[in-house]
file upload-v6.tsv (TSV, C-alpha atoms)
chain	number	residue	atom	x	y	z
T	1	MET	CA	-87.45	-75.81	78.44
T	2	PHE	CA	-88.82	-72.77	76.84
T	3	ASP	CA	-87.01	-69.52	77.84
T	4	ALA	CA	-89.63	-66.80	78.29
T	5	ARG	CA	-87.12	-63.98	78.90
T	6	PRO	CA	-86.65	-62.93	75.27
T	7	ALA	CA	-90.39	-62.35	75.10
T	8	LYS	CA	-89.93	-59.34	77.35
T	9	ARG	CA	-87.99	-57.61	74.50
T	10	TYR	CA	-90.90	-57.89	72.01
T	11	PRO	CA	-92.55	-54.58	73.04
T	12	VAL	CA	-89.26	-52.75	72.49
T	13	PHE	CA	-88.81	-54.36	69.06
T	14	ILE	CA	-92.37	-53.51	68.03
T	15	ALA	CA	-91.94	-49.92	69.17
T	16	CYS	CA	-88.77	-49.58	67.07
T	17	CYS	CA	-90.58	-50.94	64.04
T	18	LEU	CA	-93.37	-48.44	64.48
T	19	VAL	CA	-90.87	-45.59	64.63
T	20	ILE	CA	-89.14	-46.77	61.46
T	21	VAL	CA	-92.47	-47.14	59.64
T	22	SER	CA	-93.44	-43.61	60.71
T	23	LEU	CA	-90.15	-42.21	59.39
T	24	LEU	CA	-90.57	-44.01	56.09
T	25	ALA	CA	-94.09	-42.68	55.76
T	26	ALA	CA	-92.89	-39.15	56.41
T	27	VAL	CA	-90.21	-39.52	53.79
T	28	GLY	CA	-92.79	-40.86	51.32
T	29	GLU	CA	-94.98	-37.83	51.86
T	30	ARG	CA	-92.15	-35.36	51.19
T	31	PRO	CA	-92.12	-34.21	47.53
T	32	LEU	CA	-89.01	-35.45	45.79
T	33	PRO	CA	-87.19	-33.20	43.33
T	34	ASP	CA	-88.47	-33.88	39.83
T	35	ALA	CA	-85.43	-34.34	37.61
T	36	ARG	CA	-87.59	-34.21	34.48
T	37	ALA	CA	-89.14	-30.93	35.59
T	38	GLN	CA	-85.68	-29.45	36.14
T	39	GLU	CA	-84.64	-30.70	32.73
T	40	ARG	CA	-87.70	-29.12	31.13
T	41	LYS	CA	-86.82	-25.76	32.63
T	42	GLU	CA	-83.52	-25.79	30.80
T	43	LEU	CA	-85.09	-26.57	27.40
T	44	PRO	CA	-86.74	-23.97	25.14
T	45	PRO	CA	-90.53	-24.18	24.94
T	46	PRO	CA	-91.85	-26.30	22.07
T	47	PRO	CA	-93.30	-24.51	19.04
T	48	PRO	CA	-97.07	-23.91	19.16
T	49	LEU	CA	-98.60	-26.83	17.34
T	50	SER	CA	-101.68	-27.76	19.31
T	51	SER	CA	-105.36	-27.09	19.06
T	52	GLU	CA	-107.25	-24.15	17.67
T	53	GLY	CA	-107.86	-22.67	21.09
T	54	GLN	CA	-104.21	-22.43	22.12
T	55	GLU	CA	-102.97	-19.16	23.53
T	56	VAL	CA	-101.06	-16.88	21.19
T	57	ASP	CA	-97.65	-15.61	22.23
T	58	ASP	CA	-96.96	-11.89	22.02
T	59	GLY	CA	-94.47	-12.41	19.23
T	60	ASP	CA	-97.04	-14.18	17.09
T	61	VAL	CA	-99.19	-11.12	16.67
T	62	ILE	CA	-96.96	-8.08	17.19
T	63	SER	CA	-94.41	-7.91	14.42
T	64	VAL	CA	-92.05	-5.07	15.29
T	65	SER	CA	-92.46	-4.42	19.01
T	66	THR	CA	-94.96	-5.02	21.77
T	67	SER	CA	-96.88	-1.89	20.70
T	68	GLU	CA	-96.82	-1.78	16.89
T	69	VAL	CA	-99.00	-3.69	14.45
T	70	LEU	CA	-97.81	-4.37	10.89
T	71	LEU	CA	-100.37	-4.41	8.09
T	72	PRO	CA	-99.18	-5.36	4.59
T	73	VAL	CA	-101.54	-3.54	2.23
T	74	THR	CA	-102.07	-3.89	-1.52
T	75	VAL	CA	-103.86	-1.16	-3.46
T	76	ARG	CA	-105.27	-1.52	-6.98
T	77	ASP	CA	-107.14	0.93	-9.17
T	78	ALA	CA	-110.49	0.32	-10.83
T	79	GLY	CA	-108.74	-1.48	-13.69
T	80	GLY	CA	-106.95	-3.91	-11.36
T	81	ARG	CA	-103.52	-2.26	-11.77
T	82	LEU	CA	-101.25	-1.89	-8.74
T	83	VAL	CA	-101.10	1.61	-7.20
T	84	THR	CA	-97.56	2.20	-5.96
T	85	THR	CA	-97.27	5.96	-5.32
T	86	LEU	CA	-99.35	6.47	-2.17
T	87	THR	CA	-98.01	8.14	0.98
T	88	ARG	CA	-98.95	7.90	4.62
T	89	GLN	CA	-101.49	10.71	4.21
T	90	ASP	CA	-103.42	8.58	1.68
T	91	PHE	CA	-104.30	5.86	4.23
T	92	ARG	CA	-106.80	5.56	7.07
T	93	VAL	CA	-106.79	2.61	9.47
T	94	PHE	CA	-109.74	1.60	11.65
T	95	GLU	CA	-109.56	-0.95	14.46
T	96	ASP	CA	-112.90	-2.21	15.74
T	97	GLY	CA	-114.47	0.81	14.05
T	98	ARG	CA	-112.16	3.34	15.70
T	99	GLU	CA	-109.72	5.31	13.54
T	100	GLN	CA	-106.07	4.85	14.51
T	101	PRO	CA	-103.41	7.57	14.36
T	102	LEU	CA	-100.62	7.05	11.80
T	103	SER	CA	-97.16	8.42	12.51
T	104	ASP	CA	-94.62	9.70	9.99
T	105	LEU	CA	-93.00	6.25	10.18
T	106	ALA	CA	-96.22	4.45	9.27
T	107	LEU	CA	-94.89	3.38	5.85
T	108	ARG	CA	-91.65	1.37	5.73
T	109	GLN	CA	-89.75	-0.96	3.45
T	110	VAL	CA	-89.93	-4.47	4.90
T	111	PRO	CA	-88.58	-7.72	3.38
T	112	VAL	CA	-90.93	-10.65	2.88
T	113	ASP	CA	-90.60	-14.30	3.86
T	114	VAL	CA	-92.57	-16.54	1.48
T	115	VAL	CA	-93.69	-20.12	2.05
T	116	LEU	CA	-94.14	-21.79	-1.34
T	117	MET	CA	-96.58	-24.69	-1.03
T	118	VAL	CA	-97.35	-27.23	-3.71
T	119	ASP	CA	-100.15	-29.78	-3.76
T	120	ALA	CA	-98.44	-32.95	-5.01
T	121	SER	CA	-101.59	-35.05	-5.04
T	122	SER	CA	-103.12	-36.57	-8.16
T	123	SER	CA	-104.85	-33.36	-9.31
T	124	VAL	CA	-101.54	-31.54	-9.94
T	125	VAL	CA	-99.07	-34.39	-10.40
T	126	ASN	CA	-99.00	-34.21	-14.20
T	127	ASN	CA	-97.99	-30.55	-14.13
T	128	LEU	CA	-95.23	-30.45	-11.52
T	129	ASP	CA	-92.71	-29.36	-14.15
T	130	ASP	CA	-94.86	-26.29	-14.85
T	131	PHE	CA	-94.84	-25.49	-11.12
T	132	ARG	CA	-91.06	-25.91	-10.86
T	133	ARG	CA	-90.50	-23.53	-13.73
T	134	ALA	CA	-92.96	-20.97	-12.38
T	135	ALA	CA	-91.52	-21.18	-8.85
T	136	GLU	CA	-87.99	-20.51	-10.10
T	137	GLY	CA	-89.22	-17.52	-12.09
T	138	PHE	CA	-91.07	-16.25	-9.02
T	139	ALA	CA	-87.93	-16.44	-6.88
T	140	GLN	CA	-85.94	-14.47	-9.42
T	141	ARG	CA	-88.42	-11.58	-9.17
T	142	LEU	CA	-88.13	-11.19	-5.40
T	143	ALA	CA	-85.72	-8.77	-3.75
T	144	THR	CA	-82.34	-10.12	-2.67
T	145	GLU	CA	-83.18	-9.74	1.05
T	146	ASP	CA	-86.42	-11.76	0.74
T	147	ARG	CA	-86.43	-15.42	1.79
T	148	ILE	CA	-88.23	-18.53	0.53
T	149	SER	CA	-89.08	-21.93	1.97
T	150	LEU	CA	-90.77	-24.86	0.21
T	151	ILE	CA	-93.44	-27.23	1.55
T	152	LYS	CA	-94.89	-30.18	-0.36
T	153	PHE	CA	-98.18	-31.67	0.78
T	154	ASP	CA	-100.31	-34.62	-0.25
T	155	ASP	CA	-100.95	-37.52	2.16
T	156	ARG	CA	-97.75	-36.29	3.88
T	157	ILE	CA	-96.50	-32.77	4.63
T	158	GLU	CA	-92.79	-32.23	4.03
T	159	LEU	CA	-90.52	-29.23	4.43
T	160	LEU	CA	-88.28	-29.60	1.39
T	161	GLN	CA	-86.43	-26.31	1.87
T	162	ASP	CA	-86.03	-24.22	5.01
T	163	TRP	CA	-85.64	-20.43	4.82
T	164	THR	CA	-83.11	-19.45	2.21
T	165	GLN	CA	-82.09	-16.58	-0.02
T	166	SER	CA	-80.28	-18.96	-2.35
T	167	ARG	CA	-82.06	-19.50	-5.65
T	168	LEU	CA	-79.77	-22.49	-6.27
T	169	GLN	CA	-80.92	-24.22	-3.07
T	170	LEU	CA	-84.53	-23.63	-4.05
T	171	ARG	CA	-83.93	-25.11	-7.50
T	172	ARG	CA	-82.44	-28.25	-5.92
T	173	SER	CA	-85.32	-28.64	-3.49
T	174	LEU	CA	-87.87	-28.27	-6.30
T	175	ARG	CA	-86.39	-31.40	-7.88
T	176	ARG	CA	-87.19	-33.38	-4.74
T	177	ILE	CA	-90.95	-33.03	-5.19
T	178	VAL	CA	-92.50	-36.47	-5.68
T	179	PRO	CA	-96.25	-37.12	-6.14
T	180	GLY	CA	-98.59	-38.45	-3.48
T	181	VAL	CA	-102.26	-39.39	-3.32
T	182	PHE	CA	-104.50	-37.52	-0.89
T	183	THR	CA	-104.57	-33.80	-0.02
T	184	ARG	CA	-104.02	-32.62	3.57
T	185	PHE	CA	-104.47	-28.97	2.64
T	186	ASN	CA	-105.77	-27.73	5.99
T	187	ASP	CA	-102.99	-29.47	7.92
T	188	ALA	CA	-100.39	-28.01	5.58
T	189	LEU	CA	-101.70	-24.47	6.10
T	190	LEU	CA	-101.78	-24.84	9.87
T	191	LEU	CA	-98.27	-26.30	10.05
T	192	ALA	CA	-96.91	-23.60	7.77
T	193	ALA	CA	-98.40	-20.93	10.03
T	194	ARG	CA	-97.49	-22.47	13.38
T	195	GLU	CA	-94.10	-23.97	12.52
T	196	GLN	CA	-92.50	-22.31	9.52
T	197	LEU	CA	-93.77	-18.76	9.94
T	198	ALA	CA	-92.93	-18.81	13.65
T	199	ARG	CA	-89.31	-18.31	12.52
T	200	ALA	CA	-90.10	-15.78	9.80
T	201	ARG	CA	-89.18	-12.09	9.64
T	202	GLY	CA	-90.88	-8.95	8.36
T	203	ARG	CA	-93.87	-9.60	6.12
T	204	HIS	CA	-95.24	-13.13	5.88
T	205	ALA	CA	-96.79	-14.71	2.79
T	206	VAL	CA	-98.00	-18.17	1.81
T	207	ILE	CA	-98.37	-19.05	-1.87
T	208	ALA	CA	-100.10	-22.36	-2.56
T	209	LEU	CA	-100.70	-24.22	-5.82
T	210	THR	CA	-103.74	-26.40	-5.13
T	211	ASP	CA	-107.41	-27.03	-5.84
T	212	GLY	CA	-108.01	-26.54	-2.11
T	213	ILE	CA	-110.05	-29.74	-1.77
T	214	ASP	CA	-109.00	-31.31	1.53
T	215	SER	CA	-109.32	-35.10	1.67
T	216	GLY	CA	-110.54	-34.99	5.28
T	217	ARG	CA	-107.80	-37.37	6.44
T	218	GLY	CA	-106.00	-34.82	8.60
T	219	TYR	CA	-106.75	-33.22	11.96
T	220	ALA	CA	-107.14	-29.51	11.13
T	221	THR	CA	-110.21	-27.67	9.89
T	222	LEU	CA	-110.09	-24.74	7.50
T	223	ASP	CA	-111.26	-22.46	10.33
T	224	ALA	CA	-108.35	-23.60	12.52
T	225	ALA	CA	-105.92	-23.03	9.66
T	226	LEU	CA	-107.33	-19.54	9.05
T	227	ARG	CA	-106.95	-18.61	12.71
T	228	ALA	CA	-103.33	-19.81	12.72
T	229	LEU	CA	-102.60	-17.80	9.58
T	230	LEU	CA	-104.12	-14.66	11.12
T	231	GLU	CA	-102.04	-15.23	14.26
T	232	ALA	CA	-98.96	-15.52	12.05
T	233	GLN	CA	-99.97	-12.37	10.13
T	234	ALA	CA	-99.61	-14.21	6.84
T	235	ALA	CA	-101.18	-13.17	3.55
T	236	VAL	CA	-102.31	-16.22	1.59
T	237	TYR	CA	-102.19	-16.37	-2.19
T	238	VAL	CA	-103.71	-19.41	-3.87
T	239	ILE	CA	-103.03	-20.36	-7.46
T	240	SER	CA	-105.98	-22.70	-7.93
T	241	ASN	CA	-106.41	-25.25	-10.68
T	242	THR	CA	-110.16	-25.36	-10.07
T	243	GLU	CA	-110.94	-23.60	-13.36
T	244	ILE	CA	-108.73	-26.06	-15.25
T	245	GLU	CA	-110.52	-28.99	-13.59
T	246	ARG	CA	-113.94	-27.40	-14.16
T	247	VAL	CA	-113.34	-27.09	-17.90
T	248	ARG	CA	-112.15	-30.69	-18.13
T	249	LYS	CA	-115.02	-32.15	-16.10
T	250	SER	CA	-117.66	-30.02	-17.83
T	251	ALA	CA	-116.43	-31.11	-21.27
T	252	GLU	CA	-116.63	-34.79	-20.30
T	253	LEU	CA	-120.07	-34.33	-18.74
T	254	ASP	CA	-121.45	-32.51	-21.77
T	255	SER	CA	-120.08	-35.23	-24.05
T	256	LEU	CA	-121.74	-37.99	-22.04
T	257	LEU	CA	-125.08	-36.17	-21.79
T	258	ALA	CA	-125.07	-35.65	-25.56
T	259	SER	CA	-124.74	-39.40	-26.13
T	260	PRO	CA	-127.62	-41.74	-27.02
T	261	PRO	CA	-129.93	-42.68	-24.12
T	262	ALA	CA	-128.42	-46.14	-23.80
T	263	VAL	CA	-124.93	-44.66	-23.37
T	264	VAL	CA	-126.23	-42.15	-20.81
T	265	ARG	CA	-127.83	-44.96	-18.79
T	266	PHE	CA	-124.64	-47.01	-18.96
T	267	ASN	CA	-122.60	-44.04	-17.62
T	268	GLU	CA	-124.98	-42.93	-14.88
T	269	LEU	CA	-122.37	-43.47	-12.16
T	270	ARG	CA	-119.74	-41.49	-14.04
T	271	ILE	CA	-122.20	-38.68	-14.74
T	272	GLY	CA	-123.05	-38.53	-11.04
T	273	ASP	CA	-119.35	-38.41	-10.13
T	274	LEU	CA	-118.73	-35.56	-12.56
T	275	ARG	CA	-121.65	-33.53	-11.22
T	276	GLU	CA	-120.47	-34.05	-7.66
T	277	GLY	CA	-116.93	-33.11	-8.68
T	278	LEU	CA	-118.17	-29.85	-10.18
T	279	ARG	CA	-120.12	-29.09	-7.00
T	280	VAL	CA	-117.05	-29.74	-4.83
T	281	LEU	CA	-114.95	-27.46	-7.04
T	282	GLU	CA	-117.47	-24.65	-6.58
T	283	VAL	CA	-117.44	-25.07	-2.79
T	284	SER	CA	-113.65	-25.14	-2.77
T	285	GLU	CA	-113.45	-21.91	-4.76
T	286	ARG	CA	-115.75	-20.15	-2.29
T	287	ASN	CA	-113.62	-21.34	0.62
T	288	LEU	CA	-110.39	-20.28	-1.07
T	289	ALA	CA	-111.84	-16.86	-1.90
T	290	GLN	CA	-112.80	-16.33	1.75
T	291	LEU	CA	-109.41	-17.56	2.99
T	292	THR	CA	-107.37	-15.31	0.72
T	293	ALA	CA	-109.59	-12.25	1.28
T	294	ALA	CA	-109.47	-12.62	5.08
T	295	THR	CA	-105.66	-12.74	5.10
T	296	GLY	CA	-105.17	-9.92	2.62
T	297	GLY	CA	-104.02	-12.18	-0.20
T	298	ARG	CA	-105.64	-13.12	-3.48
T	299	LEU	CA	-107.15	-16.07	-5.34
T	300	TYR	CA	-105.89	-16.76	-8.87
T	301	ARG	CA	-107.64	-19.16	-11.25
T	302	PRO	CA	-105.43	-19.55	-14.33
T	303	PRO	CA	-107.17	-21.10	-17.35
T	304	SER	CA	-104.31	-23.53	-17.96
T	305	PHE	CA	-101.05	-24.68	-16.40
T	306	ASP	CA	-99.26	-22.85	-19.21
T	307	ALA	CA	-100.33	-19.63	-17.46
T	308	LEU	CA	-98.54	-20.47	-14.20
T	309	ASP	CA	-95.47	-18.41	-15.11
T	310	ALA	CA	-97.52	-15.26	-15.63
T	311	THR	CA	-99.56	-15.89	-12.47
T	312	TYR	CA	-96.55	-16.35	-10.19
T	313	ALA	CA	-94.94	-13.29	-11.78
T	314	GLU	CA	-98.04	-11.26	-10.88
T	315	VAL	CA	-97.87	-12.43	-7.25
T	316	ALA	CA	-94.19	-11.47	-7.07
T	317	GLU	CA	-95.01	-8.05	-8.51
T	318	GLU	CA	-97.67	-7.52	-5.83
T	319	LEU	CA	-95.33	-8.51	-3.01
T	320	ARG	CA	-92.68	-6.11	-4.29
T	321	HIS	CA	-95.14	-3.20	-4.33
T	322	GLN	CA	-96.99	-3.89	-1.09
T	323	TYR	CA	-97.25	-1.11	1.47
T	324	SER	CA	-96.03	-2.02	4.97
T	325	LEU	CA	-98.28	0.03	7.21
T	326	TYR	CA	-97.51	0.32	10.93
T	327	TYR	CA	-99.63	1.79	13.68
T	328	ILE	CA	-99.82	1.77	17.49
T	329	PRO	CA	-103.31	0.65	18.59
T	330	LEU	CA	-105.32	2.98	20.80
T	331	ASN	CA	-106.65	-0.10	22.60
T	332	LYS	CA	-103.81	-1.00	24.97
T	333	LYS	CA	-105.47	-4.07	26.49
T	334	ARG	CA	-103.40	-7.26	26.26
T	335	ASP	CA	-106.40	-9.55	26.34
T	336	GLY	CA	-105.70	-11.91	23.44
T	337	ARG	CA	-108.91	-10.92	21.70
T	338	PHE	CA	-109.39	-10.54	17.97
T	339	ARG	CA	-109.24	-6.95	16.73
T	340	ARG	CA	-111.00	-6.28	13.42
T	341	VAL	CA	-109.07	-3.94	11.13
T	342	ARG	CA	-110.16	-1.98	8.07
T	343	VAL	CA	-107.88	0.03	5.77
T	344	GLU	CA	-109.16	2.77	3.48
T	345	THR	CA	-107.56	5.21	1.06
T	346	THR	CA	-108.56	8.77	0.34
T	347	ASN	CA	-109.46	7.67	-3.20
T	348	PRO	CA	-112.72	5.68	-2.97
T	349	SER	CA	-112.19	4.13	-6.40
T	350	PHE	CA	-109.14	2.21	-5.17
T	351	HIS	CA	-109.50	-1.38	-3.97
T	352	VAL	CA	-107.55	-2.17	-0.78
T	353	SER	CA	-106.46	-5.70	0.21
T	354	ALA	CA	-105.39	-6.24	3.83
T	355	ARG	CA	-106.06	-8.89	6.41
T	356	VAL	CA	-109.29	-8.54	8.38
T	357	GLY	CA	-107.58	-8.20	11.75
T	358	TYR	CA	-105.15	-9.60	14.28
T	359	TYR	CA	-105.08	-11.18	17.74
T	360	ALA	CA	-103.96	-8.89	20.53
T	361	PRO	CA	-101.14	-10.20	22.74
T	362	HIS	CA	-101.83	-11.82	26.08
T	363	LYS	CA	-100.61	-10.39	29.36

call {"tool": "encode", "arguments": {"input": "upload-v6.tsv", "output": "structure tokens"}}
result
Amino acid sequence: MFDARPAKRYPVFIACCLVIVSLLAAVGERPLPDARAQERKELPPPPPLSSEGQEVDDGDVISVSTSEVLLPVTVRDAGGRLVTTLTRQDFRVFEDGREQPLSDLALRQVPVDVVLMVDASSSVVNNLDDFRRAAEGFAQRLATEDRISLIKFDDRIELLQDWTQSRLQLRRSLRRIVPGVFTRFNDALLLAAREQLARARGRHAVIALTDGIDSGRGYATLDAALRALLEAQAAVYVISNTEIERVRKSAELDSLLASPPAVVRFNELRIGDLREGLRVLEVSERNLAQLTAATGGRLYRPPSFDALDATYAEVAEELRHQYSLYYIPLNKKRDGRFRRVRVETTNPSFHVSARVGYYAPHK
């Protein structure tokens, strides 16, 4: 016979279940402590390596303190010779068209950190020994307190030598350069600015041996690289082999065009490639000229790889005789906006090289 008495306990059991379900739901709604978030708080922030529109930290744009701006300035006379005897009274600085006051401490001696970059793709691969020799000679001409790092780029970007004052370490790292294929020039510039120069001191310079022709296989544009370099306050010097390549391609093109008509027709594809190559070299030179001028550096076009030693020696001489000009901006806003800067001297015949501006810090 069926005992109906236990059935009387069902409402009590159901009520208990409902209470338990309610408690579990309440627990599920309560935010649990995020162990990963706590762990992230204890770690240092990652280095800035994201998109072009990323915010700029205060330290990326203000070199000495939160109020001073550092402008490395090179001055040459009408004949292209370095002018090294100017004083604070010989300079005028304008920010967004407004003249800035210069204190008695406006000119200072500041060491330089230099990123040496070498394009190890096919266009330079046969002359890497010339680069190694020129790079060693360049290092010997720097002051003892200056530092050097070495980046190789082709289809990969490698830091072969971190910051060092040791010429022996640099020599060893130069031997580790091996050739690649493609050229990720824009990526290499951006990484140098965002990664390597983020740990630099004093003045910042990038010296690149390249034709500047990016293969388009990376993720950065030249505009993004330029912005990162301006944020890092880096002067860019490019030793370009475009003139060497132009002479070689032009000679081959002229030889083919001077051939009999049948030979010209047979080599139509090659002739087209050479003409396109010459056009690309011209575009690259314009881009490199704009890049170096905007950052306060310089574009060099040696006629042969035999001239690399003299070219790198000239860059070292410029860095040793650069003026480090400091000023406190009249515009105190910490809005992250770009401030356009112009430097003049009291002698209008002098040519002044300085970067076109800087990014103000954020709040």

call {"tool": "atom_distance", "arguments": {"input": "upload-v6.tsv", "atom1": "CA of Ser166 in chain T", "atom2": "CA of Val124 in chain T"}}
result
25.8 Å

call {"tool": "closest_residue", "arguments": {"input": "upload-v6.tsv", "among": "T:Leu257, T:Leu168, T:Ala139, T:Val352", "to": "Ala293 in chain T", "atoms": "only C-alpha atoms"}}
result
T:Val352

call {"tool": "atom_distance", "arguments": {"input": "upload-v6.tsv", "atom1": "CA of Gly202 in chain T", "atom2": "CA of Pro72 in chain T"}}
result
9.8 Å

call {"tool": "residues_around", "arguments": {"input": "upload-v6.tsv", "residues": "Gln233 in chain T", "least_positions_apart": "2", "cutoff": "10 Å", "atoms": "only C-alpha atoms", "output": "list in words"}}
result
Asp60, Val61, Ile62, Ser63, Val69, Leu70, Leu71, Pro72, Ala193, Leu197, Gly202, Arg203, His204, Ala205, Arg227, Ala228, Leu229, Leu230, Glu231, Ala235, Val236, Thr295, Gly296, Arg355, Gly357, Tyr358 and Tyr359 of chain T

call {"tool": "closest_residue", "arguments": {"input": "upload-v6.tsv", "among": "T:Ile328, T:Leu256, T:Val315, T:Ile213", "to": "Thr183 in chain T", "atoms": "all atoms listed in the file"}}
result
T:Ile213

call {"tool": "atom_distance", "arguments": {"input": "upload-v6.tsv", "atom1": "CA of Phe350 in chain T", "atom2": "CA of Val206 in chain T"}}
result
24.3 Å

call {"tool": "residues_near_point", "arguments": {"input": "upload-v6.tsv", "point": "(-111.8, -1.2, 14.8)", "cutoff": "9 Å", "atoms": "all atoms listed in the file", "output": "VMD selection string"}}
result
chain T and resid 93 to 100 339 to 342 357

call {"tool": "residues_around", "arguments": {"input": "upload-v6.tsv", "residues": "Val125 in chain T", "least_positions_apart": "3", "cutoff": "9 Å", "atoms": "only C-alpha atoms", "output": "MDAnalysis selection string"}}
result
chainID T and resid 119:122 128:129 178:180

call {"tool": "write_last_selection", "arguments": {"input": "upload-v6.tsv", "atoms": "C-alpha atoms", "output": "PDB file, in the frame of the given file"}}
result
ATOM      1  CA  ASP T 119    -100.150 -29.780  -3.760  1.00  0.00           C
ATOM      2  CA  ALA T 120     -98.440 -32.950  -5.010  1.00  0.00           C
ATOM      3  CA  SER T 121    -101.590 -35.050  -5.040  1.00  0.00           C
ATOM      4  CA  SER T 122    -103.120 -36.570  -8.160  1.00  0.00           C
ATOM      5  CA  LEU T 128     -95.230 -30.450 -11.520  1.00  0.00           C
ATOM      6  CA  ASP T 129     -92.710 -29.360 -14.150  1.00  0.00           C
ATOM      7  CA  VAL T 178     -92.500 -36.470  -5.680  1.00  0.00           C
ATOM      8  CA  PRO T 179     -96.250 -37.120  -6.140  1.00  0.00           C
ATOM      9  CA  GLY T 180     -98.590 -38.450  -3.480  1.00  0.00           C
TER      10      GLY T 180
END

call {"tool": "residues_around", "arguments": {"input": "upload-v6.tsv", "residues": "Leu174 in chain T", "least_positions_apart": "6", "cutoff": "8 Å", "atoms": "all atoms listed in the file", "output": "MDAnalysis selection string"}}
result
chainID T and resid 132 150 160

call {"tool": "write_last_selection", "arguments": {"input": "upload-v6.tsv", "atoms": "C-alpha atoms", "output": "compact mmCIF listing (two decimals), in the frame of the given file"}}
result
# COMPACT_ATOMS: atom_id res chain seq x y z
CA ARG T 132 -91.06 -25.91 -10.86
CA LEU T 150 -90.77 -24.86 0.21
CA LEU T 160 -88.28 -29.60 1.39

call {"tool": "closest_residue", "arguments": {"input": "upload-v6.tsv", "among": "T:Asp77, T:Glu243, T:Asp214, T:Asp90", "to": "Glu344 in chain T", "atoms": "only C-alpha atoms"}}
result
T:Asp90

call {"tool": "residues_around", "arguments": {"input": "upload-v6.tsv", "residues": "Pro302 in chain T", "least_positions_apart": "6", "cutoff": "12 Å", "atoms": "all atoms listed in the file", "output": "short mmCIF file (atom, residue, chain, number, x, y, z; two decimals) with C-alpha atoms, in the frame of the given file"}}
result
data_model
loop_
_atom_site.label_atom_id
_atom_site.label_comp_id
_atom_site.auth_asym_id
_atom_site.auth_seq_id
_atom_site.Cartn_x
_atom_site.Cartn_y
_atom_site.Cartn_z
CA LEU T 209 -100.70 -24.22 -5.82
CA THR T 210 -103.74 -26.40 -5.13
CA ASP T 211 -107.41 -27.03 -5.84
CA VAL T 238 -103.71 -19.41 -3.87
CA ILE T 239 -103.03 -20.36 -7.46
CA SER T 240 -105.98 -22.70 -7.93
CA ASN T 241 -106.41 -25.25 -10.68
CA THR T 242 -110.16 -25.36 -10.07
CA GLU T 243 -110.94 -23.60 -13.36
CA ILE T 244 -108.73 -26.06 -15.25
CA GLU T 245 -110.52 -28.99 -13.59
CA ARG T 246 -113.94 -27.40 -14.16
CA VAL T 247 -113.34 -27.09 -17.90
CA LEU T 308 -98.54 -20.47 -14.20
CA ASP T 309 -95.47 -18.41 -15.11
CA ALA T 310 -97.52 -15.26 -15.63
CA THR T 311 -99.56 -15.89 -12.47
CA TYR T 312 -96.55 -16.35 -10.19
CA GLU T 314 -98.04 -11.26 -10.88
#
